[in-house]
Amino acid sequence: MYQIYENWLNRIRAFATEEGVEDFRRARDEFHRLTGLFEDEEAWFELRMGMFHDWFLLDRPGTGGLTPVERFIRDNQGELSQEELKQLEYFTVSLRSVFRIVRIKKDEVLLDDLAGGGQWLAAAMVPLGGLGKTDIIDTRILILNGKLVVGSGTVLHPQEANDMIERIVARARTEGMRPRELVDHLDKMRLKLDRYANVRVQHVYQYPGDAIL
């Protein structure tokens with residue numbers, strides 16, 4: 001299933017960059033500002049680059065206010081099958097949010113959407129090793145081949161940060177912060193924690209504007 005998703009992303013990425021990579025570079029700089037700077041020698045580089053590609057191709061409005069996947073549909077719909085068009089339309093409504101794991105059973109996971117509300121039962125696109133009940137994760141849920149799946153770019157927050165994250169989420173919902181902005185902030189805090197290993201979790205997991213680091 002993961003390879004099917006990667007094949008689609010590669011196809012959309014080739015289309016998005018066929019006239020040059022300048023917008024790609026601008027998008028990466030923007031993603032760094034939103035979720036934190038990462039470099040290619042860092043252990044988490046591949047994960048973060050995967051998250052960036054998902055965001056760039058599926059979420060970020062570009063030329064004419066359309067995302068790359070929306071432009072791909074517009075410019076290629078005459079050459080796409082109905083099944084392909086349906087899959088691409090599904091990509092335009094993927095959900096990136098912060099979730100608490102309710103349970104894991106084999107290759108399926110039940111998730112509470114802390115930012116937007118509701119529960120989702122989804123299949124894992126990649127192995128769920130290292131994840132467990134009550135863990136809080138930032139990830140993307142999408143439809144692939146007619147099935148609800150958890151994306152491959154999943155950020156796991158430390159258990160000791162759970163109470164702090166819940167307070168941040170509650171305040172964000174009260175103050176009307178958009179879920180995507182909230183997830184960007186949580187992703188940035190997790191990156192800071194990875195980078196500053198000797199810093200206490202409570203000094204990192206703070207509401208925007210309150211953070212010490």
# chains A, B, ... in the order shown; residues from 1 in each chain; ligands from 1
call {"tool": "closest_atom_pairs", "arguments": {"of": "stretch 100-144 of chain A", "to": "stretch 53-73 of chain A", "cutoff": "12 Å", "atoms": "only C-alpha atoms", "output": "Markdown table"}}
result
| residue | atom | partner | partner_atom | distance |
| --- | --- | --- | --- | --- |
| A:Thr139 | CA | A:Asp54 | CA | 10.5 |
| A:Arg140 | CA | A:Asp54 | CA | 8.8 |
| A:Ile141 | CA | A:Asp54 | CA | 11.3 |
| A:Leu142 | CA | A:Leu58 | CA | 10.5 |
call {"tool": "write_last_selection", "arguments": {"atoms": "C-alpha atoms", "output": "mmCIF file, in the first residue's frame"}}
result
data_model
loop_
_atom_site.group_PDB
_atom_site.id
_atom_site.type_symbol
_atom_site.label_atom_id
_atom_site.label_comp_id
_atom_site.auth_asym_id
_atom_site.auth_seq_id
_atom_site.Cartn_x
_atom_site.Cartn_y
_atom_site.Cartn_z
ATOM 1 C CA THR A 139 -0.120 12.251 11.222
ATOM 2 C CA ARG A 140 -2.276 12.283 8.113
ATOM 3 C CA ILE A 141 -5.350 10.178 7.414
ATOM 4 C CA LEU A 142 -6.288 9.625 3.782
#
call {"tool": "select_by_dssp", "arguments": {"residues": "stretch 30-189 of chain A", "states": "helix (DSSP H, G or I)", "output": "ChimeraX atom specification"}}
result
/A:30-35,45-58,63-65,68-79,82-91,159-174,179-189
call {"tool": "select_by_dssp", "arguments": {"residues": "stretch 5-199 of chain A", "states": "strand (DSSP E or B)", "output": "MDAnalysis selection string"}}
result
chainID A and resid 95:105 108:113 119:124 136:144 147:150 155:156
call {"tool": "closest_atom_pairs", "arguments": {"of": "stretch 27-132 of chain A", "to": "stretch 155-163 of chain A", "cutoff": "9 Å", "atoms": "only C-alpha atoms", "output": "CSV"}}
result
residue,atom,partner,partner_atom,distance
A:Leu47,CA,A:Val155,CA,8.3
A:Arg48,CA,A:Val155,CA,8.9
A:Leu131,CA,A:Leu156,CA,7.8
call {"tool": "write_last_selection", "arguments": {"atoms": "N, CA and C atoms", "output": "mmCIF file, in the first residue's frame"}}
result
data_model
loop_
_atom_site.group_PDB
_atom_site.id
_atom_site.type_symbol
_atom_site.label_atom_id
_atom_site.label_comp_id
_atom_site.auth_asym_id
_atom_site.auth_seq_id
_atom_site.Cartn_x
_atom_site.Cartn_y
_atom_site.Cartn_z
ATOM 1 N N LEU A 47 12.080 11.281 7.613
ATOM 2 C CA LEU A 47 10.710 11.444 8.090
ATOM 3 C C LEU A 47 10.197 12.836 7.763
ATOM 4 N N ARG A 48 10.995 13.849 8.067
ATOM 5 C CA ARG A 48 10.562 15.225 7.847
ATOM 6 C C ARG A 48 10.409 15.546 6.361
ATOM 7 N N LEU A 131 4.484 2.186 18.534
ATOM 8 C CA LEU A 131 3.306 2.940 18.929
ATOM 9 C C LEU A 131 2.438 2.109 19.856
#
call {"tool": "residues_around", "arguments": {"residues": "A:Met177", "least_positions_apart": "6", "cutoff": "10 Å", "atoms": "only C-alpha atoms", "output": "mmCIF file with C-alpha atoms, in the first residue's frame"}}
result
data_model
loop_
_atom_site.group_PDB
_atom_site.id
_atom_site.type_symbol
_atom_site.label_atom_id
_atom_site.label_comp_id
_atom_site.auth_asym_id
_atom_site.auth_seq_id
_atom_site.Cartn_x
_atom_site.Cartn_y
_atom_site.Cartn_z
ATOM 1 C CA ALA A 115 -7.857 19.032 17.218
ATOM 2 C CA VAL A 169 -4.894 21.609 22.195
ATOM 3 C CA ARG A 171 -6.406 26.352 24.452
#
call {"tool": "atom_distance", "arguments": {"atom1": "atom CA of A:Asn145", "atom2": "atom CA of A:Gln3"}}
result
12.1 Å
call {"tool": "residues_around", "arguments": {"residues": "A:Leu144", "least_positions_apart": "6", "cutoff": "12 Å", "atoms": "only C-alpha atoms", "output": "ChimeraX atom specification"}}
result
/A:1-8,83-84,86-94,122-125,150-151
call {"tool": "residues_around", "arguments": {"residues": "A:Pro179", "least_positions_apart": "6", "cutoff": "10 Å", "atoms": "only C-alpha atoms", "output": "number ranges by chain"}}
result
A: 95-98, 113-116, 169, 172-173, 185
call {"tool": "write_last_selection", "arguments": {"atoms": "N, CA and C atoms", "output": "mmCIF file, in the first residue's frame"}}
result
data_model
loop_
_atom_site.group_PDB
_atom_site.id
_atom_site.type_symbol
_atom_site.label_atom_id
_atom_site.label_comp_id
_atom_site.auth_asym_id
_atom_site.auth_seq_id
_atom_site.Cartn_x
_atom_site.Cartn_y
_atom_site.Cartn_z
ATOM 1 N N LEU A 95 -6.717 14.353 5.827
ATOM 2 C CA LEU A 95 -6.795 15.043 7.118
ATOM 3 C C LEU A 95 -5.467 14.930 7.852
ATOM 4 N N ARG A 96 -4.824 16.068 8.084
ATOM 5 C CA ARG A 96 -3.614 16.110 8.905
ATOM 6 C C ARG A 96 -3.989 16.725 10.251
ATOM 7 N N SER A 97 -3.741 15.981 11.335
ATOM 8 C CA SER A 97 -4.166 16.460 12.648
ATOM 9 C C SER A 97 -3.324 15.804 13.735
ATOM 10 N N VAL A 98 -3.699 16.086 14.985
ATOM 11 C CA VAL A 98 -3.050 15.467 16.142
ATOM 12 C C VAL A 98 -4.043 14.473 16.740
ATOM 13 N N ASP A 113 -9.314 12.274 17.200
ATOM 14 C CA ASP A 113 -8.814 13.521 16.629
ATOM 15 C C ASP A 113 -8.917 14.605 17.704
ATOM 16 N N LEU A 114 -7.799 14.963 18.319
ATOM 17 C CA LEU A 114 -7.807 15.921 19.412
ATOM 18 C C LEU A 114 -8.096 17.332 18.936
ATOM 19 N N ALA A 115 -7.684 17.670 17.728
ATOM 20 C CA ALA A 115 -7.857 19.032 17.218
ATOM 21 C C ALA A 115 -9.245 19.252 16.636
ATOM 22 N N GLY A 116 -9.726 18.308 15.859
ATOM 23 C CA GLY A 116 -10.981 18.499 15.145
ATOM 24 C C GLY A 116 -12.164 17.744 15.708
ATOM 25 N N VAL A 169 -3.785 21.864 23.116
ATOM 26 C CA VAL A 169 -4.894 21.609 22.195
ATOM 27 C C VAL A 169 -6.173 22.285 22.697
ATOM 28 N N ALA A 172 -5.915 25.943 22.110
ATOM 29 C CA ALA A 172 -5.986 26.225 20.675
ATOM 30 C C ALA A 172 -7.426 26.162 20.178
ATOM 31 N N ARG A 173 -8.183 25.196 20.644
ATOM 32 C CA ARG A 173 -9.580 25.077 20.226
ATOM 33 C C ARG A 173 -10.398 26.243 20.766
ATOM 34 N N HIS A 185 2.728 23.607 14.882
ATOM 35 C CA HIS A 185 3.382 23.992 16.135
ATOM 36 C C HIS A 185 3.850 22.762 16.911
#
